[in-house]
file data_26.pdb (PDB, C-alpha atoms and all ligand atoms)
ATOM      1  CA  MET A   1     -28.130 -27.073  48.211
ATOM      2  CA  ILE A   2     -29.162 -27.975  44.637
ATOM      3  CA  ARG A   3     -30.900 -31.367  44.340
ATOM      4  CA  ILE A   4     -31.083 -33.268  41.007
ATOM      5  CA  PRO A   5     -32.796 -36.690  40.908
ATOM      6  CA  TYR A   6     -31.197 -39.368  38.725
ATOM      7  CA  LEU A   7     -31.664 -43.006  37.728
ATOM      8  CA  ASP A   8     -28.724 -45.170  36.648
ATOM      9  CA  SER A   9     -29.021 -48.165  34.332
ATOM     10  CA  HIS A  10     -26.575 -50.169  32.295
ATOM     11  CA  THR A  11     -26.952 -51.630  28.834
ATOM     12  CA  GLY A  12     -24.610 -54.514  28.180
ATOM     13  CA  GLY A  13     -22.296 -53.110  30.858
ATOM     14  CA  GLU A  14     -22.325 -49.492  29.617
ATOM     15  CA  PRO A  15     -23.933 -47.098  32.106
ATOM     16  CA  THR A  16     -26.550 -44.426  31.408
ATOM     17  CA  ARG A  17     -27.354 -41.806  34.038
ATOM     18  CA  LEU A  18     -30.841 -40.493  33.326
ATOM     19  CA  ILE A  19     -31.787 -37.013  34.547
ATOM     20  CA  PRO A  20     -35.586 -37.109  34.265
ATOM     21  CA  SER A  21     -36.073 -33.373  34.778
ATOM     22  CA  LEU A  22     -33.750 -30.430  34.363
ATOM     23  CA  PRO A  23     -33.523 -27.714  37.016
ATOM     24  CA  PHE A  24     -34.111 -24.978  34.378
ATOM     25  CA  ASP A  25     -36.222 -24.341  31.281
ATOM     26  CA  LEU A  26     -34.757 -24.856  27.794
ATOM     27  CA  GLY A  27     -37.579 -23.184  25.868
ATOM     28  CA  THR A  28     -39.835 -24.633  23.194
ATOM     29  CA  GLY A  29     -37.414 -25.217  20.311
ATOM     30  CA  SER A  30     -36.366 -28.533  18.814
ATOM     31  CA  VAL A  31     -34.167 -30.920  20.787
ATOM     32  CA  ALA A  32     -31.254 -29.727  18.593
ATOM     33  CA  ASP A  33     -32.032 -26.136  19.705
ATOM     34  CA  LYS A  34     -32.178 -27.262  23.330
ATOM     35  CA  LEU A  35     -28.778 -28.901  22.934
ATOM     36  CA  SER A  36     -27.306 -25.676  21.657
ATOM     37  CA  THR A  37     -28.732 -23.778  24.684
ATOM     38  CA  LEU A  38     -27.278 -26.426  27.005
ATOM     39  CA  LYS A  39     -23.858 -26.156  25.368
ATOM     40  CA  THR A  40     -23.821 -22.370  25.581
ATOM     41  CA  HIS A  41     -25.402 -21.740  28.967
ATOM     42  CA  HIS A  42     -25.532 -24.902  31.084
ATOM     43  CA  ASP A  43     -22.482 -27.018  30.394
ATOM     44  CA  ASP A  44     -21.684 -26.986  34.105
ATOM     45  CA  LEU A  45     -24.680 -29.313  34.663
ATOM     46  CA  ARG A  46     -23.064 -31.933  32.378
ATOM     47  CA  ARG A  47     -19.871 -31.667  34.417
ATOM     48  CA  THR A  48     -21.795 -31.792  37.712
ATOM     49  CA  VAL A  49     -23.693 -34.936  36.729
ATOM     50  CA  LEU A  50     -20.853 -36.933  35.171
ATOM     51  CA  LEU A  51     -17.413 -35.870  36.263
ATOM     52  CA  GLU A  52     -15.393 -36.994  39.263
ATOM     53  CA  PRO A  53     -15.605 -36.975  42.229
ATOM     54  CA  ARG A  54     -19.338 -37.744  41.876
ATOM     55  CA  GLY A  55     -19.195 -39.576  38.559
ATOM     56  CA  SER A  56     -16.566 -41.104  36.304
ATOM     57  CA  ASP A  57     -15.340 -40.969  32.689
ATOM     58  CA  VAL A  58     -17.301 -44.137  31.921
ATOM     59  CA  LEU A  59     -20.753 -42.636  32.525
ATOM     60  CA  VAL A  60     -22.992 -41.441  29.701
ATOM     61  CA  GLY A  61     -25.730 -39.006  30.725
ATOM     62  CA  ALA A  62     -29.221 -38.572  29.300
ATOM     63  CA  TYR A  63     -31.355 -35.467  29.834
ATOM     64  CA  LEU A  64     -35.037 -36.140  29.290
ATOM     65  CA  VAL A  65     -36.479 -33.023  27.617
ATOM     66  CA  PRO A  66     -39.825 -32.148  26.032
ATOM     67  CA  PRO A  67     -39.868 -32.951  22.292
ATOM     68  CA  ALA A  68     -40.849 -30.313  19.716
ATOM     69  CA  ASP A  69     -41.883 -32.982  17.181
ATOM     70  CA  PRO A  70     -45.575 -33.667  17.925
ATOM     71  CA  THR A  71     -45.174 -37.339  16.884
ATOM     72  CA  CYS A  72     -42.684 -37.944  19.714
ATOM     73  CA  GLN A  73     -43.433 -38.743  23.357
ATOM     74  CA  PHE A  74     -39.979 -37.778  24.630
ATOM     75  CA  GLY A  75     -36.897 -35.830  23.725
ATOM     76  CA  VAL A  76     -33.409 -36.792  24.875
ATOM     77  CA  ILE A  77     -29.922 -35.288  24.865
ATOM     78  CA  TYR A  78     -26.958 -37.577  25.542
ATOM     79  CA  PHE A  79     -23.688 -36.373  27.009
ATOM     80  CA  ASN A  80     -20.367 -37.697  28.246
ATOM     81  CA  ASN A  81     -17.221 -36.627  30.087
ATOM     82  CA  VAL A  82     -16.105 -34.318  27.262
ATOM     83  CA  GLY A  83     -19.294 -33.113  25.552
ATOM     84  CA  TYR A  84     -22.502 -34.205  23.850
ATOM     85  CA  LEU A  85     -23.497 -37.086  21.541
ATOM     86  CA  GLY A  86     -25.780 -36.858  18.506
ATOM     87  CA  MET A  87     -27.419 -40.167  19.307
ATOM     88  CA  CYS A  88     -26.652 -43.019  21.655
ATOM     89  CA  GLY A  89     -27.891 -46.561  21.091
ATOM     90  CA  HIS A  90     -27.063 -48.096  24.453
ATOM     91  CA  GLY A  91     -28.367 -44.877  26.048
ATOM     92  CA  THR A  92     -31.721 -45.170  24.252
ATOM     93  CA  ILE A  93     -32.101 -48.790  25.378
ATOM     94  CA  GLY A  94     -31.247 -47.611  28.920
ATOM     95  CA  LEU A  95     -33.626 -44.647  28.661
ATOM     96  CA  ILE A  96     -36.577 -46.776  27.550
ATOM     97  CA  ALA A  97     -35.957 -49.483  30.189
ATOM     98  CA  SER A  98     -35.635 -46.735  32.826
ATOM     99  CA  LEU A  99     -38.912 -45.104  31.746
ATOM    100  CA  ALA A 100     -40.527 -48.555  31.972
ATOM    101  CA  TYR A 101     -39.094 -49.014  35.476
ATOM    102  CA  LEU A 102     -40.509 -45.582  36.448
ATOM    103  CA  GLY A 103     -43.931 -46.674  35.146
ATOM    104  CA  LYS A 104     -43.972 -43.877  32.545
ATOM    105  CA  ILE A 105     -44.365 -46.188  29.517
ATOM    106  CA  GLN A 106     -45.864 -49.545  28.591
ATOM    107  CA  PRO A 107     -44.603 -52.080  26.020
ATOM    108  CA  GLY A 108     -45.056 -50.773  22.492
ATOM    109  CA  VAL A 109     -43.526 -48.173  20.205
ATOM    110  CA  ILE A 110     -42.135 -44.951  21.665
ATOM    111  CA  ARG A 111     -40.864 -42.156  19.431
ATOM    112  CA  VAL A 112     -37.972 -40.128  20.779
ATOM    113  CA  GLU A 113     -36.592 -36.855  19.372
ATOM    114  CA  THR A 114     -32.787 -36.591  19.538
ATOM    115  CA  PRO A 115     -30.607 -33.710  18.323
ATOM    116  CA  VAL A 116     -29.872 -35.649  15.098
ATOM    117  CA  GLY A 117     -33.352 -36.962  14.322
ATOM    118  CA  VAL A 118     -36.243 -39.086  15.547
ATOM    119  CA  VAL A 119     -35.616 -42.661  16.663
ATOM    120  CA  GLU A 120     -38.348 -45.216  17.236
ATOM    121  CA  ALA A 121     -37.920 -47.522  20.210
ATOM    122  CA  THR A 122     -39.926 -50.682  20.794
ATOM    123  CA  LEU A 123     -40.238 -51.793  24.404
ATOM    124  CA  HIS A 124     -40.815 -55.546  24.269
ATOM    125  CA  LYS A 125     -43.294 -57.306  26.553
ATOM    126  CA  ASN A 126     -41.824 -59.153  29.502
ATOM    127  CA  GLU A 127     -42.970 -62.559  30.724
ATOM    128  CA  ALA A 128     -41.919 -61.860  34.315
ATOM    129  CA  ASP A 129     -43.518 -59.386  36.730
ATOM    130  CA  GLU A 130     -40.510 -57.104  36.679
ATOM    131  CA  TYR A 131     -40.354 -54.036  34.456
ATOM    132  CA  PRO A 132     -39.739 -54.816  30.748
ATOM    133  CA  ASN A 133     -36.092 -54.193  29.805
ATOM    134  CA  LYS A 134     -35.629 -55.492  26.255
ATOM    135  CA  VAL A 135     -35.652 -52.700  23.703
ATOM    136  CA  SER A 136     -35.215 -52.390  19.937
ATOM    137  CA  VAL A 137     -34.125 -49.010  18.633
ATOM    138  CA  GLN A 138     -34.763 -48.050  15.034
ATOM    139  CA  ASN A 139     -31.965 -45.577  14.531
ATOM    140  CA  ILE A 140     -31.648 -42.641  12.144
ATOM    141  CA  PRO A 141     -30.401 -43.278   8.562
ATOM    142  CA  SER A 142     -26.810 -44.515   8.611
ATOM    143  CA  TYR A 143     -24.210 -44.783   5.869
ATOM    144  CA  ARG A 144     -20.601 -45.350   4.915
ATOM    145  CA  HIS A 145     -18.842 -42.176   3.874
ATOM    146  CA  LEU A 146     -15.272 -43.322   3.045
ATOM    147  CA  THR A 147     -13.745 -46.759   2.381
ATOM    148  CA  HIS A 148     -10.363 -48.299   3.216
ATOM    149  CA  ILE A 149      -8.589 -45.139   4.380
ATOM    150  CA  PRO A 150      -4.959 -45.740   5.457
ATOM    151  CA  VAL A 151      -3.721 -44.426   8.805
ATOM    152  CA  THR A 152      -0.194 -44.951  10.120
ATOM    153  CA  VAL A 153       0.513 -45.263  13.852
ATOM    154  CA  ASP A 154       4.126 -45.859  14.948
ATOM    155  CA  GLY A 155       5.089 -47.058  11.482
ATOM    156  CA  LYS A 156       2.182 -49.518  11.312
ATOM    157  CA  THR A 157      -0.424 -48.776   8.626
ATOM    158  CA  VAL A 158      -4.008 -49.863   9.208
ATOM    159  CA  HIS A 159      -7.085 -49.153   7.113
ATOM    160  CA  GLY A 160     -10.514 -48.004   8.182
ATOM    161  CA  ASP A 161     -13.926 -47.060   6.853
ATOM    162  CA  VAL A 162     -15.563 -43.797   7.915
ATOM    163  CA  ALA A 163     -19.245 -44.337   8.672
ATOM    164  CA  TYR A 164     -22.129 -42.534  10.364
ATOM    165  CA  GLY A 165     -24.628 -44.177  12.725
ATOM    166  CA  GLY A 166     -25.729 -41.103  14.721
ATOM    167  CA  ASN A 167     -22.085 -40.384  15.605
ATOM    168  CA  TRP A 168     -18.983 -40.605  13.373
ATOM    169  CA  PHE A 169     -16.863 -43.753  13.470
ATOM    170  CA  PHE A 170     -13.564 -45.019  12.046
ATOM    171  CA  LEU A 171     -13.902 -48.811  11.686
ATOM    172  CA  VAL A 172     -10.649 -50.803  11.567
ATOM    173  CA  HIS A 173     -10.219 -54.539  10.890
ATOM    174  CA  ASP A 174      -6.542 -55.025  10.020
ATOM    175  CA  HIS A 175      -5.104 -53.869  13.407
ATOM    176  CA  GLY A 176      -3.858 -57.342  14.421
ATOM    177  CA  MET A 177      -4.621 -56.781  18.112
ATOM    178  CA  ASP A 178      -6.373 -59.096  20.562
ATOM    179  CA  VAL A 179      -9.804 -57.670  21.331
ATOM    180  CA  ASN A 180     -10.206 -58.837  24.907
ATOM    181  CA  MET A 181     -10.303 -57.528  28.470
ATOM    182  CA  GLN A 182      -6.636 -58.394  29.096
ATOM    183  CA  ASN A 183      -5.622 -55.973  26.364
ATOM    184  CA  LEU A 184      -7.666 -52.890  27.260
ATOM    185  CA  GLU A 185      -4.725 -50.575  27.839
ATOM    186  CA  ALA A 186      -3.121 -51.343  24.464
ATOM    187  CA  LEU A 187      -6.482 -51.164  22.661
ATOM    188  CA  THR A 188      -7.210 -47.779  24.243
ATOM    189  CA  ASP A 189      -3.768 -46.421  23.455
ATOM    190  CA  PHE A 190      -3.821 -47.623  19.850
ATOM    191  CA  SER A 191      -7.367 -46.376  19.165
ATOM    192  CA  TRP A 192      -6.535 -43.003  20.656
ATOM    193  CA  ARG A 193      -3.515 -42.683  18.415
ATOM    194  CA  VAL A 194      -5.578 -43.674  15.381
ATOM    195  CA  ARG A 195      -7.959 -40.886  16.291
ATOM    196  CA  GLU A 196      -5.088 -38.410  16.630
ATOM    197  CA  GLN A 197      -3.867 -39.417  13.157
ATOM    198  CA  LEU A 198      -7.332 -38.856  11.702
ATOM    199  CA  THR A 199      -7.215 -35.308  13.048
ATOM    200  CA  ALA A 200      -3.602 -34.752  11.970
ATOM    201  CA  ASN A 201      -4.380 -35.945   8.417
ATOM    202  CA  GLY A 202      -7.665 -34.027   8.061
ATOM    203  CA  ILE A 203      -9.729 -37.226   7.726
ATOM    204  CA  THR A 204     -13.304 -36.351   8.679
ATOM    205  CA  GLY A 205     -16.904 -37.363   8.287
ATOM    206  CA  ALA A 206     -19.213 -35.541   5.861
ATOM    207  CA  ASN A 207     -18.932 -31.738   5.852
ATOM    208  CA  GLY A 208     -15.774 -31.830   7.937
ATOM    209  CA  ALA A 209     -17.447 -33.536  10.914
ATOM    210  CA  GLU A 210     -14.966 -34.769  13.511
ATOM    211  CA  ILE A 211     -14.623 -38.557  13.748
ATOM    212  CA  ASP A 212     -14.672 -39.006  17.510
ATOM    213  CA  HIS A 213     -15.223 -42.776  17.871
ATOM    214  CA  VAL A 214     -12.802 -45.542  16.801
ATOM    215  CA  GLU A 215     -13.866 -49.195  16.470
ATOM    216  CA  LEU A 216     -11.485 -52.159  16.297
ATOM    217  CA  PHE A 217     -13.108 -55.375  15.066
ATOM    218  CA  ALA A 218     -12.167 -59.022  15.586
ATOM    219  CA  SER A 219     -13.808 -62.389  15.151
ATOM    220  CA  THR A 220     -15.417 -64.398  17.942
ATOM    221  CA  PRO A 221     -17.189 -67.776  18.102
ATOM    222  CA  GLU A 222     -19.987 -66.144  20.159
ATOM    223  CA  ALA A 223     -21.266 -63.610  17.616
ATOM    224  CA  ASP A 224     -20.762 -62.414  14.040
ATOM    225  CA  SER A 225     -18.126 -59.961  15.208
ATOM    226  CA  LYS A 226     -16.541 -58.535  18.360
ATOM    227  CA  SER A 227     -15.450 -54.937  18.816
ATOM    228  CA  PHE A 228     -13.586 -52.529  21.015
ATOM    229  CA  VAL A 229     -15.066 -49.037  20.767
ATOM    230  CA  LEU A 230     -13.220 -45.984  22.013
ATOM    231  CA  CYS A 231     -15.507 -43.076  22.909
ATOM    232  CA  PRO A 232     -14.674 -39.361  22.527
ATOM    233  CA  GLY A 233     -13.471 -38.903  26.142
ATOM    234  CA  LYS A 234     -11.093 -41.918  26.012
ATOM    235  CA  ALA A 235     -13.389 -44.316  27.888
ATOM    236  CA  TYR A 236     -14.191 -47.548  26.046
ATOM    237  CA  ASP A 237     -17.779 -48.585  25.464
ATOM    238  CA  ARG A 238     -18.699 -51.583  27.615
ATOM    239  CA  SER A 239     -21.652 -52.266  25.300
ATOM    240  CA  PRO A 240     -21.280 -53.118  21.578
ATOM    241  CA  CYS A 241     -22.218 -49.432  20.945
ATOM    242  CA  GLY A 242     -25.575 -48.905  19.258
ATOM    243  CA  THR A 243     -24.456 -46.113  16.949
ATOM    244  CA  GLY A 244     -21.191 -47.988  16.295
ATOM    245  CA  THR A 245     -23.102 -51.141  15.398
ATOM    246  CA  SER A 246     -25.266 -49.005  13.088
ATOM    247  CA  ALA A 247     -22.109 -47.730  11.373
ATOM    248  CA  LYS A 248     -20.870 -51.319  11.086
ATOM    249  CA  LEU A 249     -24.170 -52.464   9.528
ATOM    250  CA  ALA A 250     -23.899 -49.626   6.992
ATOM    251  CA  CYS A 251     -20.429 -50.842   5.963
ATOM    252  CA  LEU A 252     -21.559 -54.471   5.779
ATOM    253  CA  TYR A 253     -24.489 -53.478   3.581
ATOM    254  CA  SER A 254     -22.252 -51.407   1.295
ATOM    255  CA  ASP A 255     -19.912 -54.396   0.955
ATOM    256  CA  GLY A 256     -22.828 -56.683   0.039
ATOM    257  CA  LYS A 257     -22.282 -58.709   3.231
ATOM    258  CA  LEU A 258     -25.613 -57.963   4.929
ATOM    259  CA  GLN A 259     -29.103 -58.237   3.469
ATOM    260  CA  VAL A 260     -32.363 -56.673   4.595
ATOM    261  CA  GLY A 261     -33.908 -58.799   7.367
ATOM    262  CA  GLN A 262     -30.677 -60.653   8.230
ATOM    263  CA  ILE A 263     -29.678 -60.542  11.943
ATOM    264  CA  TRP A 264     -26.145 -59.428  12.809
ATOM    265  CA  LYS A 265     -24.821 -60.147  16.315
ATOM    266  CA  GLN A 266     -22.229 -57.681  17.534
ATOM    267  CA  GLN A 267     -20.328 -58.466  20.738
ATOM    268  CA  SER A 268     -18.579 -55.901  22.934
ATOM    269  CA  VAL A 269     -15.147 -56.342  24.459
ATOM    270  CA  VAL A 270     -16.842 -57.220  27.803
ATOM    271  CA  GLY A 271     -18.944 -59.921  26.102
ATOM    272  CA  SER A 272     -22.384 -58.285  25.838
ATOM    273  CA  ILE A 273     -24.261 -58.653  22.547
ATOM    274  CA  PHE A 274     -26.553 -56.397  20.487
ATOM    275  CA  GLU A 275     -28.572 -57.762  17.600
ATOM    276  CA  GLY A 276     -28.831 -55.570  14.527
ATOM    277  CA  SER A 277     -30.792 -55.629  11.311
ATOM    278  CA  ILE A 278     -31.454 -53.181   8.505
ATOM    279  CA  GLN A 279     -34.081 -51.654   6.277
ATOM    280  CA  LEU A 280     -33.265 -49.424   3.332
ATOM    281  CA  ASP A 281     -33.784 -45.702   2.876
ATOM    282  CA  GLY A 282     -32.491 -44.782  -0.587
ATOM    283  CA  ASP A 283     -28.751 -45.419  -0.510
ATOM    284  CA  LYS A 284     -28.682 -45.327   3.304
ATOM    285  CA  ILE A 285     -29.747 -47.968   5.777
ATOM    286  CA  ILE A 286     -32.108 -47.712   8.732
ATOM    287  CA  PRO A 287     -30.566 -49.903  11.439
ATOM    288  CA  THR A 288     -32.504 -51.509  14.262
ATOM    289  CA  ILE A 289     -30.492 -52.436  17.344
ATOM    290  CA  THR A 290     -31.835 -54.696  20.095
ATOM    291  CA  GLY A 291     -30.458 -55.073  23.598
ATOM    292  CA  GLU A 292     -31.373 -55.176  27.267
ATOM    293  CA  ALA A 293     -30.815 -52.668  30.066
ATOM    294  CA  TRP A 294     -31.031 -52.965  33.822
ATOM    295  CA  VAL A 295     -31.721 -50.195  36.313
ATOM    296  CA  MET A 296     -29.108 -50.289  39.050
ATOM    297  CA  SER A 297     -29.244 -47.163  41.209
ATOM    298  CA  GLU A 298     -31.533 -44.218  41.890
ATOM    299  CA  GLY A 299     -31.002 -41.181  43.995
ATOM    300  CA  THR A 300     -30.447 -37.470  44.212
ATOM    301  CA  ILE A 301     -27.353 -35.549  43.220
ATOM    302  CA  LEU A 302     -26.569 -32.961  45.884
ATOM    303  CA  VAL A 303     -24.610 -29.871  44.884
ATOM    304  CA  ASP A 304     -23.356 -27.895  47.866
ATOM    305  CA  GLU A 305     -22.547 -24.408  46.572
ATOM    306  CA  ARG A 306     -19.558 -24.263  48.972
ATOM    307  CA  ASP A 307     -17.976 -27.427  47.511
ATOM    308  CA  PRO A 308     -14.965 -26.516  45.312
ATOM    309  CA  PHE A 309     -15.426 -29.748  43.326
ATOM    310  CA  GLY A 310     -19.230 -29.880  43.503
ATOM    311  CA  LYS A 311     -19.417 -29.168  39.753
ATOM    312  CA  GLY A 312     -16.760 -31.727  38.817
ATOM    313  CA  ILE A 313     -12.990 -31.858  38.628
TER
HETATM  314  O1  LIG B   1     -24.390 -47.036  22.180
HETATM  315  O2  LIG B   1     -24.392 -45.514  20.612
HETATM  316  C1  LIG B   1     -23.953 -45.987  21.650
HETATM  317  C2  LIG B   1     -22.866 -45.260  22.353
HETATM  318  C3  LIG B   1     -22.195 -44.158  21.925
HETATM  319  C4  LIG B   1     -21.261 -43.859  22.905
HETATM  320  C5  LIG B   1     -21.401 -44.779  23.909
HETATM  321  N1  LIG B   1     -22.379 -45.637  23.559
END
call {"tool": "encode", "arguments": {"input": "data_26.pdb", "output": "structure tokens", "more": "lines below"}}
Ligand code: PYC
result
Amino acid sequence: MIRIPYLDSHTGGEPTRLIPSLPFDLGTGSVADKLSTLKTHHDDLRRTVLLEPRGSDVLVGAYLVPPADPTCQFGVIYFNNVGYLGMCGHGTIGLIASLAYLGKIQPGVIRVETPVGVVEATLHKNEADEYPNKVSVQNIPSYRHLTHIPVTVDGKTVHGDVAYGGNWFFLVHDHGMDVNMQNLEALTDFSWRVREQLTANGITGANGAEIDHVELFASTPEADSKSFVLCPGKAYDRSPCGTGTSAKLACLYSDGKLQVGQIWKQQSVVGSIFEGSIQLDGDKIIPTITGEAWVMSEGTILVDERDPFGKGI
């Protein structure tokens, strides 16, 4: 029997399953190198941790790995039901709150190496006795790559911006759909078809990068904006999506609609809110995303070698 300890949290409704130690060694390279070893040699662990019957398409996983960058305390690799993420905002908030729960960190600044760069998390002090769970994540430089790109789905043409916030996003405003929980099936279907059209029409991020997240925006009286975010494996993000909010902030800045130091409140389709703000880095922005995470389950994954579905369906 293989035993793998885990700790589950959620950030604004979006779960993160933290694997604090891997059952094998990934060498001494950068976190990007470790990701490439995982992809080539250990992808069955991703499937074991996340897929049914043990997990579900909604879960995002986080492997805690040693950083190569000497300025970082931790390294992390995020993964989902279909592969790996460059960065994950809700996941980093969940990771930091989970490390606080485990007693591994105190309030303050924690530098984390991801496959796409170093992010700086601030764990805020808590008034109560419980573990601190409010976290701000200073993300990697983010930017808009393409503006107002038309995409036609079933004869209806919508327009979207292509932007990077640690993952690649297509951000659509003129979809005309209700962004609410009663409309999840239609939102999922439409976003998926937008994504298919991006692929069919060769619309990509920089250097041909696949755009694997679609965001549909709407207005709300409870925040500056509300969004539905479809993730690469067809699950929707229950949180406002940290990397998606970073992409949104990059577009707002490029449009002259967001200034340095201004707070932007982004609400998810389930109602949770992240606060975002920006600093500048040349013609890119450095977004900071703030949210809260709650630990909700801890245990041990058991993999019985005889189980035909022990490594996922
Ligand atoms: O919060 O960045 C995020 C994220 C990406 C995919 C799911 N959540």
call {"tool": "axis_aligned_box", "arguments": {"input": "data_26.pdb", "around": "stretch 297-304 of chain A", "padding_each_side": "8 Å", "output": "AutoDock Vina command-line options"}}
result
--center_x -27.4 --center_y -37.5 --center_z 44.5 --size_x 24.2 --size_y 35.3 --size_z 22.7
call {"tool": "closest_atom_pairs", "arguments": {"input": "data_26.pdb", "of": "chain A", "to": "ligand LIG 1 (chain B)", "cutoff": "7 Å", "atoms": "all atoms listed in the file", "output": "tab-separated table"}}
result
residue	atom	partner	partner_atom	distance
A:Val60	CA	B:LIG1	C5	6.9
A:Met87	CA	B:LIG1	O2	6.3
A:Cys88	CA	B:LIG1	O2	3.5
A:Gly89	CA	B:LIG1	O2	3.7
A:His90	CA	B:LIG1	O1	3.7
A:Gly91	CA	B:LIG1	O1	6.0
A:Cys231	CA	B:LIG1	C4	5.8
A:Asp237	CA	B:LIG1	C5	5.5
A:Ser239	CA	B:LIG1	O1	6.7
A:Pro240	CA	B:LIG1	O1	6.9
A:Cys241	CA	B:LIG1	O1	3.5
A:Gly242	CA	B:LIG1	O1	3.7
A:Thr243	CA	B:LIG1	O2	3.7
A:Gly244	CA	B:LIG1	O2	5.9
call {"tool": "atom_distance", "arguments": {"input": "data_26.pdb", "atom1": "atom CA of A:Asp57", "atom2": "atom CA of A:Val295"}}
result
19.1 Å
call {"tool": "closest_residue", "arguments": {"input": "data_26.pdb", "among": "A:Gly202, A:Gly271, A:Gly310, A:Pro66", "to": "A:Glu14", "atoms": "only C-alpha atoms"}}
result
A:Gly271
call {"tool": "resolve_selection", "arguments": {"input": "data_26.pdb", "expression": "the PyMOL selection byres (((chain A and resi 236) around 10) and not hetatm)", "output": "PyMOL selection string"}}
result
chain A and resi 14+57-58+184+187-188+191+213-215+228-235+237-239+241+268-269
call {"tool": "closest_residue", "arguments": {"input": "data_26.pdb", "among": "A:Val118, A:Ile313, A:Ala293, A:Leu99", "to": "A:Pro67", "atoms": "all atoms listed in the file"}}
result
A:Val118
call {"tool": "closest_residue", "arguments": {"input": "data_26.pdb", "among": "A:Ile203, A:Val109, A:Ala121, A:Ala186", "to": "A:Leu146", "atoms": "all atoms listed in the file"}}
result
A:Ile203
call {"tool": "resolve_selection", "arguments": {"input": "data_26.pdb", "expression": "the PyMOL selection byres (((chain A and resi 168-174) around 10) and not hetatm)", "output": "PDB file with C-alpha atoms, in the coordinates of the input"}}
result
ATOM      1  CA  LEU A  85     -23.497 -37.086  21.541  1.00  0.00           C
ATOM      2  CA  GLY A  86     -25.780 -36.858  18.506  1.00  0.00           C
ATOM      3  CA  SER A 142     -26.810 -44.515   8.611  1.00  0.00           C
ATOM      4  CA  ARG A 144     -20.601 -45.350   4.915  1.00  0.00           C
ATOM      5  CA  HIS A 145     -18.842 -42.176   3.874  1.00  0.00           C
ATOM      6  CA  LEU A 146     -15.272 -43.322   3.045  1.00  0.00           C
ATOM      7  CA  THR A 147     -13.745 -46.759   2.381  1.00  0.00           C
ATOM      8  CA  HIS A 148     -10.363 -48.299   3.216  1.00  0.00           C
ATOM      9  CA  ILE A 149      -8.589 -45.139   4.380  1.00  0.00           C
ATOM     10  CA  PRO A 150      -4.959 -45.740   5.457  1.00  0.00           C
ATOM     11  CA  VAL A 151      -3.721 -44.426   8.805  1.00  0.00           C
ATOM     12  CA  THR A 157      -0.424 -48.776   8.626  1.00  0.00           C
ATOM     13  CA  VAL A 158      -4.008 -49.863   9.208  1.00  0.00           C
ATOM     14  CA  HIS A 159      -7.085 -49.153   7.113  1.00  0.00           C
ATOM     15  CA  GLY A 160     -10.514 -48.004   8.182  1.00  0.00           C
ATOM     16  CA  ASP A 161     -13.926 -47.060   6.853  1.00  0.00           C
ATOM     17  CA  VAL A 162     -15.563 -43.797   7.915  1.00  0.00           C
ATOM     18  CA  ALA A 163     -19.245 -44.337   8.672  1.00  0.00           C
ATOM     19  CA  TYR A 164     -22.129 -42.534  10.364  1.00  0.00           C
ATOM     20  CA  GLY A 165     -24.628 -44.177  12.725  1.00  0.00           C
ATOM     21  CA  GLY A 166     -25.729 -41.103  14.721  1.00  0.00           C
ATOM     22  CA  ASN A 167     -22.085 -40.384  15.605  1.00  0.00           C
ATOM     23  CA  HIS A 175      -5.104 -53.869  13.407  1.00  0.00           C
ATOM     24  CA  GLY A 176      -3.858 -57.342  14.421  1.00  0.00           C
ATOM     25  CA  MET A 177      -4.621 -56.781  18.112  1.00  0.00           C
ATOM     26  CA  SER A 191      -7.367 -46.376  19.165  1.00  0.00           C
ATOM     27  CA  VAL A 194      -5.578 -43.674  15.381  1.00  0.00           C
ATOM     28  CA  ARG A 195      -7.959 -40.886  16.291  1.00  0.00           C
ATOM     29  CA  LEU A 198      -7.332 -38.856  11.702  1.00  0.00           C
ATOM     30  CA  ILE A 203      -9.729 -37.226   7.726  1.00  0.00           C
ATOM     31  CA  THR A 204     -13.304 -36.351   8.679  1.00  0.00           C
ATOM     32  CA  GLY A 205     -16.904 -37.363   8.287  1.00  0.00           C
ATOM     33  CA  ALA A 206     -19.213 -35.541   5.861  1.00  0.00           C
ATOM     34  CA  ALA A 209     -17.447 -33.536  10.914  1.00  0.00           C
ATOM     35  CA  GLU A 210     -14.966 -34.769  13.511  1.00  0.00           C
ATOM     36  CA  ILE A 211     -14.623 -38.557  13.748  1.00  0.00           C
ATOM     37  CA  ASP A 212     -14.672 -39.006  17.510  1.00  0.00           C
ATOM     38  CA  HIS A 213     -15.223 -42.776  17.871  1.00  0.00           C
ATOM     39  CA  VAL A 214     -12.802 -45.542  16.801  1.00  0.00           C
ATOM     40  CA  GLU A 215     -13.866 -49.195  16.470  1.00  0.00           C
ATOM     41  CA  LEU A 216     -11.485 -52.159  16.297  1.00  0.00           C
ATOM     42  CA  PHE A 217     -13.108 -55.375  15.066  1.00  0.00           C
ATOM     43  CA  ALA A 218     -12.167 -59.022  15.586  1.00  0.00           C
ATOM     44  CA  SER A 219     -13.808 -62.389  15.151  1.00  0.00           C
ATOM     45  CA  SER A 227     -15.450 -54.937  18.816  1.00  0.00           C
ATOM     46  CA  VAL A 229     -15.066 -49.037  20.767  1.00  0.00           C
ATOM     47  CA  LEU A 230     -13.220 -45.984  22.013  1.00  0.00           C
ATOM     48  CA  CYS A 231     -15.507 -43.076  22.909  1.00  0.00           C
ATOM     49  CA  THR A 243     -24.456 -46.113  16.949  1.00  0.00           C
ATOM     50  CA  GLY A 244     -21.191 -47.988  16.295  1.00  0.00           C
ATOM     51  CA  THR A 245     -23.102 -51.141  15.398  1.00  0.00           C
ATOM     52  CA  SER A 246     -25.266 -49.005  13.088  1.00  0.00           C
ATOM     53  CA  ALA A 247     -22.109 -47.730  11.373  1.00  0.00           C
ATOM     54  CA  LYS A 248     -20.870 -51.319  11.086  1.00  0.00           C
ATOM     55  CA  CYS A 251     -20.429 -50.842   5.963  1.00  0.00           C
TER      56      CYS A 251
END
